[in-house]
file start_37.cif (mmCIF, C-alpha atoms)
data_run
#
loop_
_atom_site.group_PDB
_atom_site.id
_atom_site.type_symbol
_atom_site.label_atom_id
_atom_site.label_comp_id
_atom_site.auth_asym_id
_atom_site.auth_seq_id
_atom_site.Cartn_x
_atom_site.Cartn_y
_atom_site.Cartn_z
ATOM 1 C CA MET D 1 -55.670 -21.157 -257.643
ATOM 2 C CA ARG D 2 -52.933 -22.957 -259.610
ATOM 3 C CA PRO D 3 -53.602 -21.058 -262.875
ATOM 4 C CA LEU D 4 -53.221 -17.737 -261.013
ATOM 5 C CA VAL D 5 -49.920 -18.848 -259.504
ATOM 6 C CA LEU D 6 -48.659 -19.922 -262.939
ATOM 7 C CA VAL D 7 -49.730 -16.599 -264.463
ATOM 8 C CA GLY D 8 -47.942 -14.740 -261.649
ATOM 9 C CA LEU D 9 -44.762 -16.757 -262.134
ATOM 10 C CA ALA D 10 -44.866 -16.243 -265.912
ATOM 11 C CA ALA D 11 -45.343 -12.487 -265.442
ATOM 12 C CA GLY D 12 -42.442 -12.391 -262.986
ATOM 13 C CA LEU D 13 -40.159 -14.226 -265.370
ATOM 14 C CA ALA D 14 -41.193 -12.018 -268.276
ATOM 15 C CA LEU D 15 -40.545 -8.825 -266.304
ATOM 16 C CA ALA D 16 -37.267 -9.964 -264.766
ATOM 17 C CA PRO D 17 -34.213 -8.563 -266.511
ATOM 18 C CA THR D 18 -31.660 -11.174 -267.511
ATOM 19 C CA ALA D 19 -28.662 -9.229 -266.154
ATOM 20 C CA ARG D 20 -30.026 -8.702 -262.626
ATOM 21 C CA ALA D 21 -29.506 -11.464 -260.096
ATOM 22 C CA GLY D 22 -32.326 -10.385 -257.743
ATOM 23 C CA GLU D 23 -32.672 -9.444 -254.115
ATOM 24 C CA LEU D 24 -33.885 -11.527 -251.183
ATOM 25 C CA ASP D 25 -35.831 -9.791 -248.414
ATOM 26 C CA LEU D 26 -36.608 -11.842 -245.297
ATOM 27 C CA ASP D 27 -38.305 -10.725 -242.087
ATOM 28 C CA VAL D 28 -39.877 -12.280 -239.009
ATOM 29 C CA GLY D 29 -42.126 -10.500 -236.562
ATOM 30 C CA LEU D 30 -45.126 -10.326 -234.282
ATOM 31 C CA ALA D 31 -48.554 -9.022 -235.262
ATOM 32 C CA ALA D 32 -51.902 -8.295 -233.626
ATOM 33 C CA THR D 33 -55.130 -9.234 -235.421
ATOM 34 C CA SER D 34 -58.767 -8.179 -235.199
ATOM 35 C CA THR D 35 -61.764 -9.480 -237.167
ATOM 36 C CA ASP D 36 -65.379 -8.487 -237.743
ATOM 37 C CA TRP D 37 -66.560 -11.038 -235.146
ATOM 38 C CA ALA D 38 -67.447 -9.310 -231.874
ATOM 39 C CA GLY D 39 -64.573 -9.594 -229.383
ATOM 40 C CA ASP D 40 -62.354 -11.547 -231.788
ATOM 41 C CA ARG D 41 -58.775 -10.452 -231.191
ATOM 42 C CA GLY D 42 -55.521 -12.291 -231.478
ATOM 43 C CA GLY D 43 -51.950 -12.327 -232.590
ATOM 44 C CA GLY D 44 -48.849 -14.339 -233.228
ATOM 45 C CA GLY D 45 -45.793 -14.724 -235.401
ATOM 46 C CA THR D 46 -45.221 -13.697 -239.010
ATOM 47 C CA LEU D 47 -42.770 -14.625 -241.757
ATOM 48 C CA ASP D 48 -42.314 -12.628 -244.968
ATOM 49 C CA VAL D 49 -40.008 -13.866 -247.750
ATOM 50 C CA SER D 50 -39.774 -11.570 -250.782
ATOM 51 C CA TRP D 51 -37.844 -11.868 -254.023
ATOM 52 C CA TRP D 52 -37.295 -8.599 -255.891
ATOM 53 C CA VAL D 53 -36.910 -9.118 -259.642
ATOM 54 C CA ARG D 54 -36.542 -5.372 -260.181
ATOM 55 C CA PRO D 55 -35.860 -2.578 -257.676
ATOM 56 C CA TYR D 56 -39.591 -1.729 -257.678
ATOM 57 C CA LEU D 57 -41.264 -5.136 -258.343
ATOM 58 C CA GLY D 58 -41.228 -8.312 -256.281
ATOM 59 C CA PHE D 59 -43.116 -11.429 -255.262
ATOM 60 C CA SER D 60 -43.572 -12.706 -251.744
ATOM 61 C CA PHE D 61 -44.799 -15.453 -249.489
ATOM 62 C CA ILE D 62 -46.324 -14.302 -246.204
ATOM 63 C CA GLY D 63 -47.101 -16.801 -243.468
ATOM 64 C CA LYS D 64 -48.692 -16.205 -240.090
ATOM 65 C CA GLU D 65 -49.363 -18.514 -237.176
ATOM 66 C CA GLN D 66 -51.789 -16.807 -234.814
ATOM 67 C CA TYR D 67 -54.210 -17.403 -231.967
ATOM 68 C CA ALA D 68 -57.691 -15.801 -231.989
ATOM 69 C CA THR D 69 -60.087 -15.508 -229.041
ATOM 70 C CA VAL D 70 -63.477 -16.490 -230.540
ATOM 71 C CA ASP D 71 -63.671 -20.317 -230.554
ATOM 72 C CA GLU D 72 -60.127 -20.231 -229.074
ATOM 73 C CA ARG D 73 -58.754 -21.114 -232.478
ATOM 74 C CA LEU D 74 -55.450 -21.148 -234.305
ATOM 75 C CA LEU D 75 -55.128 -19.367 -237.636
ATOM 76 C CA GLU D 76 -52.594 -20.580 -240.178
ATOM 77 C CA TYR D 77 -52.350 -17.879 -242.851
ATOM 78 C CA LEU D 78 -50.553 -18.526 -246.157
ATOM 79 C CA SER D 79 -50.344 -15.862 -248.854
ATOM 80 C CA VAL D 80 -48.643 -15.332 -252.227
ATOM 81 C CA ASN D 81 -48.295 -11.691 -253.279
ATOM 82 C CA VAL D 82 -47.117 -9.173 -255.826
ATOM 83 C CA GLU D 83 -45.190 -6.288 -254.249
ATOM 84 C CA ALA D 84 -44.285 -2.757 -255.295
ATOM 85 C CA ARG D 85 -41.465 -0.844 -253.603
ATOM 86 C CA ARG D 86 -40.401 2.779 -253.537
ATOM 87 C CA ALA D 87 -37.463 4.346 -251.728
ATOM 88 C CA ALA D 88 -37.926 7.473 -249.605
ATOM 89 C CA GLY D 89 -34.323 8.207 -248.710
ATOM 90 C CA PRO D 90 -33.003 5.085 -246.959
ATOM 91 C CA THR D 91 -36.554 4.040 -245.973
ATOM 92 C CA ARG D 92 -38.436 1.594 -248.215
ATOM 93 C CA LEU D 93 -42.214 1.848 -248.700
ATOM 94 C CA ILE D 94 -43.776 -1.433 -249.841
ATOM 95 C CA ALA D 95 -47.337 -2.218 -250.965
ATOM 96 C CA THR D 96 -48.633 -5.775 -251.465
ATOM 97 C CA VAL D 97 -51.695 -7.471 -252.943
ATOM 98 C CA GLY D 98 -52.204 -11.197 -252.874
ATOM 99 C CA LEU D 99 -54.177 -14.397 -252.537
ATOM 100 C CA VAL D 100 -54.693 -16.035 -249.135
ATOM 101 C CA HIS D 101 -55.345 -19.579 -247.974
ATOM 102 C CA GLN D 102 -56.145 -19.808 -244.265
ATOM 103 C CA HIS D 103 -56.773 -22.713 -241.908
ATOM 104 C CA GLU D 104 -58.862 -22.014 -238.802
ATOM 105 C CA GLU D 105 -59.054 -24.699 -236.136
ATOM 106 C CA PRO D 106 -60.245 -24.703 -232.501
ATOM 107 C CA LEU D 107 -57.513 -25.571 -229.973
ATOM 108 C CA PRO D 108 -59.033 -28.961 -228.966
ATOM 109 C CA GLY D 109 -58.661 -30.100 -232.582
ATOM 110 C CA VAL D 110 -55.003 -29.074 -232.587
ATOM 111 C CA GLU D 111 -54.388 -30.804 -229.240
ATOM 112 C CA ASN D 112 -56.081 -34.058 -230.384
ATOM 113 C CA GLN D 113 -54.485 -34.170 -233.852
ATOM 114 C CA PRO D 114 -51.255 -32.115 -233.791
ATOM 115 C CA ILE D 115 -49.599 -33.676 -236.868
ATOM 116 C CA GLN D 116 -52.783 -33.585 -238.943
ATOM 117 C CA SER D 117 -53.298 -29.955 -237.899
ATOM 118 C CA ILE D 118 -49.800 -28.979 -239.045
ATOM 119 C CA LEU D 119 -50.444 -30.701 -242.384
ATOM 120 C CA GLY D 120 -53.859 -29.015 -242.759
ATOM 121 C CA VAL D 121 -55.891 -32.241 -242.768
ATOM 122 C CA GLY D 122 -57.142 -32.398 -239.158
ATOM 123 C CA ASP D 123 -60.810 -32.772 -238.242
ATOM 124 C CA GLY D 124 -62.571 -29.433 -237.826
ATOM 125 C CA ILE D 125 -60.185 -27.300 -239.918
ATOM 126 C CA ARG D 126 -61.971 -24.600 -241.887
ATOM 127 C CA HIS D 127 -60.113 -23.992 -245.157
ATOM 128 C CA ARG D 128 -60.744 -20.468 -246.396
ATOM 129 C CA ALA D 129 -59.638 -18.401 -249.377
ATOM 130 C CA GLY D 130 -59.321 -14.648 -249.506
ATOM 131 C CA LEU D 131 -57.715 -11.533 -250.909
ATOM 132 C CA ARG D 132 -55.280 -9.299 -249.040
ATOM 133 C CA GLY D 133 -53.647 -5.926 -249.286
ATOM 134 C CA GLY D 134 -50.868 -4.617 -247.128
ATOM 135 C CA ALA D 135 -48.270 -1.939 -246.536
ATOM 136 C CA ARG D 136 -44.837 -2.047 -244.932
ATOM 137 C CA VAL D 137 -42.351 0.649 -243.989
ATOM 138 C CA ALA D 138 -38.812 -0.762 -243.716
ATOM 139 C CA LEU D 139 -36.320 1.357 -241.770
ATOM 140 C CA PRO D 140 -32.655 0.332 -242.210
ATOM 141 C CA ILE D 141 -30.775 -0.254 -238.947
ATOM 142 C CA ARG D 142 -27.368 -1.316 -240.241
ATOM 143 C CA ARG D 143 -25.847 -1.923 -243.668
ATOM 144 C CA HIS D 144 -23.878 -5.020 -244.632
ATOM 145 C CA ARG D 145 -21.935 -5.912 -247.782
ATOM 146 C CA HIS D 146 -24.966 -7.052 -249.781
ATOM 147 C CA GLY D 147 -27.858 -5.103 -248.237
ATOM 148 C CA ASP D 148 -29.071 -4.104 -244.819
ATOM 149 C CA PHE D 149 -30.703 -5.157 -241.582
ATOM 150 C CA TYR D 150 -33.979 -3.364 -240.913
ATOM 151 C CA ALA D 151 -37.001 -2.912 -238.679
ATOM 152 C CA ALA D 152 -40.415 -2.823 -240.349
ATOM 153 C CA LEU D 153 -43.876 -1.602 -239.414
ATOM 154 C CA GLU D 154 -46.526 -3.636 -241.204
ATOM 155 C CA ALA D 155 -50.297 -3.451 -241.659
ATOM 156 C CA ASP D 156 -52.679 -5.555 -243.744
ATOM 157 C CA ALA D 157 -56.326 -6.296 -244.401
ATOM 158 C CA THR D 158 -57.819 -9.579 -245.620
ATOM 159 C CA TRP D 159 -61.279 -10.245 -247.041
ATOM 160 C CA PHE D 160 -62.728 -13.778 -247.175
ATOM 161 C CA GLY D 161 -65.413 -14.750 -249.666
ATOM 162 C CA ASP D 162 -67.336 -17.161 -247.430
ATOM 163 C CA ASP D 163 -69.255 -17.072 -244.144
ATOM 164 C CA ARG D 164 -67.525 -20.008 -242.389
ATOM 165 C CA GLY D 165 -65.569 -17.538 -240.293
ATOM 166 C CA PRO D 166 -65.004 -13.798 -240.071
ATOM 167 C CA ARG D 167 -65.539 -11.978 -243.385
ATOM 168 C CA TRP D 168 -62.535 -9.720 -242.848
ATOM 169 C CA MET D 169 -59.505 -9.371 -240.618
ATOM 170 C CA ILE D 170 -56.970 -6.612 -240.117
ATOM 171 C CA GLY D 171 -53.517 -6.819 -238.620
ATOM 172 C CA ALA D 172 -50.550 -4.692 -237.654
ATOM 173 C CA GLY D 173 -47.124 -5.597 -236.400
ATOM 174 C CA LEU D 174 -43.415 -5.100 -236.097
ATOM 175 C CA ALA D 175 -40.746 -7.195 -237.809
ATOM 176 C CA LEU D 176 -36.974 -7.464 -238.052
ATOM 177 C CA GLY D 177 -35.295 -8.548 -241.248
ATOM 178 C CA PHE D 178 -32.509 -8.286 -243.763
ATOM 179 C CA THR D 179 -32.001 -7.802 -247.482
ATOM 180 C CA TYR D 180 -29.419 -9.586 -249.615
ATOM 181 C CA ASP D 181 -28.790 -8.263 -253.129
ATOM 182 C CA PHE D 182 -27.171 -11.006 -255.201
ATOM 183 C CA ALA D 183 -26.066 -8.513 -257.865
ATOM 184 C CA ARG D 184 -23.858 -6.482 -255.489
ATOM 185 C CA ALA D 185 -20.171 -7.106 -255.863
ATOM 186 C CA PRO D 186 -18.481 -8.395 -252.678
#
call {"tool": "encode", "arguments": {"input": "start_37.cif", "output": "structure tokens"}}
result
Amino acid sequence: MRPLVLVGLAAGLALAPTARAGELDLDVGLAATSTDWAGDRGGGGTLDVSWWVRPYLGFSFIGKEQYATVDERLLEYLSVNVEARRAAGPTRLIATVGLVHQHEEPLPGVENQPIQSILGVGDGIRHRAGLRGGARVALPIRRHRHGDFYAALEADATWFGDDRGPRWMIGAGLALGFTYDFARAP
């Protein structure tokens, strides 16, 4: 996965204009999740940190910490993404594609080895890789000097290439966030 990350960073640096400082986009939220396993539902918290190198092109890290019902397990979802953005009036429409690394661990494993679980080295953790696609609609609530505060509706789908867990999962949620454009004059 390291070569893909390096290629993504190189592409981002090559496409970034030298005169633009960039824009930070940060949101936190709650999401519901469903998988292809019968009766497997869940949900939890989300974090999305995006850096926009151009008004229409950005890169992001998406993290989720969720609970799922089958095997009563915790899902730690880590994703790096390329994002495209388009304005529709004040509303922003955002599409993402990315690579996922997910840890899945039954609750007894987390309870018996909490520190190891947080670090991703606990007994019984299933490490999984996947691909994701997502969409977000960001609705501004209030402007500030360098951007705005917003509410976002989000949906995504993830496909995993192994059979050590569900082959796919879908999610939808609501988030609150803010943008900060470093190029805007105070």
call {"tool": "atom_distance", "arguments": {"input": "start_37.cif", "atom1": "atom CA of D:Arg132", "atom2": "atom CA of D:Leu99"}}
result
6.3 Å
call {"tool": "atom_distance", "arguments": {"input": "start_37.cif", "atom1": "atom CA of D:Val49", "atom2": "atom CA of D:Gly124"}}
result
29.2 Å
call {"tool": "closest_atom_pairs", "arguments": {"input": "start_37.cif", "of": "stretch 60-126 of chain D", "to": "stretch 165-179 of chain D", "cutoff": "12 Å", "atoms": "all atoms listed in the file", "output": "CSV"}}
result
residue,atom,partner,partner_atom,distance
D:Lys64,CA,D:Gly171,CA,10.7
D:Gln66,CA,D:Gly171,CA,10.8
D:Ala68,CA,D:Met169,CA,10.9
D:Val70,CA,D:Pro166,CA,10.0
D:Asp71,CA,D:Gly165,CA,10.3
D:Arg73,CA,D:Gly165,CA,11.0
D:Leu75,CA,D:Gly165,CA,10.9
D:Tyr77,CA,D:Met169,CA,11.3
D:Arg92,CA,D:Thr179,CA,11.4
D:Val100,CA,D:Met169,CA,11.8
D:Gln102,CA,D:Gly165,CA,10.5
D:His103,CA,D:Gly165,CA,10.3
D:Glu104,CA,D:Gly165,CA,8.2
D:Glu105,CA,D:Gly165,CA,10.5
D:Pro106,CA,D:Gly165,CA,11.8
D:Ile125,CA,D:Gly165,CA,11.2
D:Arg126,CA,D:Gly165,CA,8.1
call {"tool": "closest_residue", "arguments": {"input": "start_37.cif", "among": "D:Glu72, D:Arg145, D:Gly133, D:Leu26", "to": "D:Gly39", "atoms": "only C-alpha atoms"}}
result
D:Glu72
call {"tool": "atom_distance", "arguments": {"input": "start_37.cif", "atom1": "atom CA of D:Gly22", "atom2": "atom CA of D:Ala84"}}
result
14.4 Å
call {"tool": "resolve_selection", "arguments": {"input": "start_37.cif", "expression": "the PyMOL selection byres ((chain D and resi 44) around 6)", "output": "list in words"}}
result
Leu30, Ala31, Gly43, Gly45, Glu65 and Gln66 of chain D
call {"tool": "write_last_selection", "arguments": {"input": "start_37.cif", "atoms": "C-alpha atoms", "output": "mmCIF file, in the frame of the given file"}}
result
data_model
loop_
_atom_site.group_PDB
_atom_site.id
_atom_site.type_symbol
_atom_site.label_atom_id
_atom_site.label_comp_id
_atom_site.auth_asym_id
_atom_site.auth_seq_id
_atom_site.Cartn_x
_atom_site.Cartn_y
_atom_site.Cartn_z
ATOM 1 C CA LEU D 30 -45.126 -10.326 -234.282
ATOM 2 C CA ALA D 31 -48.554 -9.022 -235.262
ATOM 3 C CA GLY D 43 -51.950 -12.327 -232.590
ATOM 4 C CA GLY D 45 -45.793 -14.724 -235.401
ATOM 5 C CA GLU D 65 -49.363 -18.514 -237.176
ATOM 6 C CA GLN D 66 -51.789 -16.807 -234.814
#
call {"tool": "resolve_selection", "arguments": {"input": "start_37.cif", "expression": "the PyMOL selection byres ((chain D and resi 23) around 12)", "output": "ChimeraX atom specification"}}
result
/D:16,20-22,24-26,49-60,146-148,178-184
call {"tool": "closest_residue", "arguments": {"input": "start_37.cif", "among": "D:Ile141, D:Ile118, D:Ala135, D:Val28", "to": "D:Ala95", "atoms": "only C-alpha atoms"}}
result
D:Ala135
call {"tool": "closest_residue", "arguments": {"input": "start_37.cif", "among": "D:Arg85, D:Arg143, D:His127, D:Arg136", "to": "D:Ala155", "atoms": "all atoms listed in the file"}}
result
D:Arg136
call {"tool": "closest_residue", "arguments": {"input": "start_37.cif", "among": "D:Gly63, D:Gly130, D:Pro114, D:Gly29", "to": "D:Leu153", "atoms": "all atoms listed in the file"}}
result
D:Gly29
call {"tool": "closest_residue", "arguments": {"input": "start_37.cif", "among": "D:Leu139, D:Leu93, D:Leu131, D:Ala32", "to": "D:Leu78", "atoms": "only C-alpha atoms"}}
result
D:Leu131
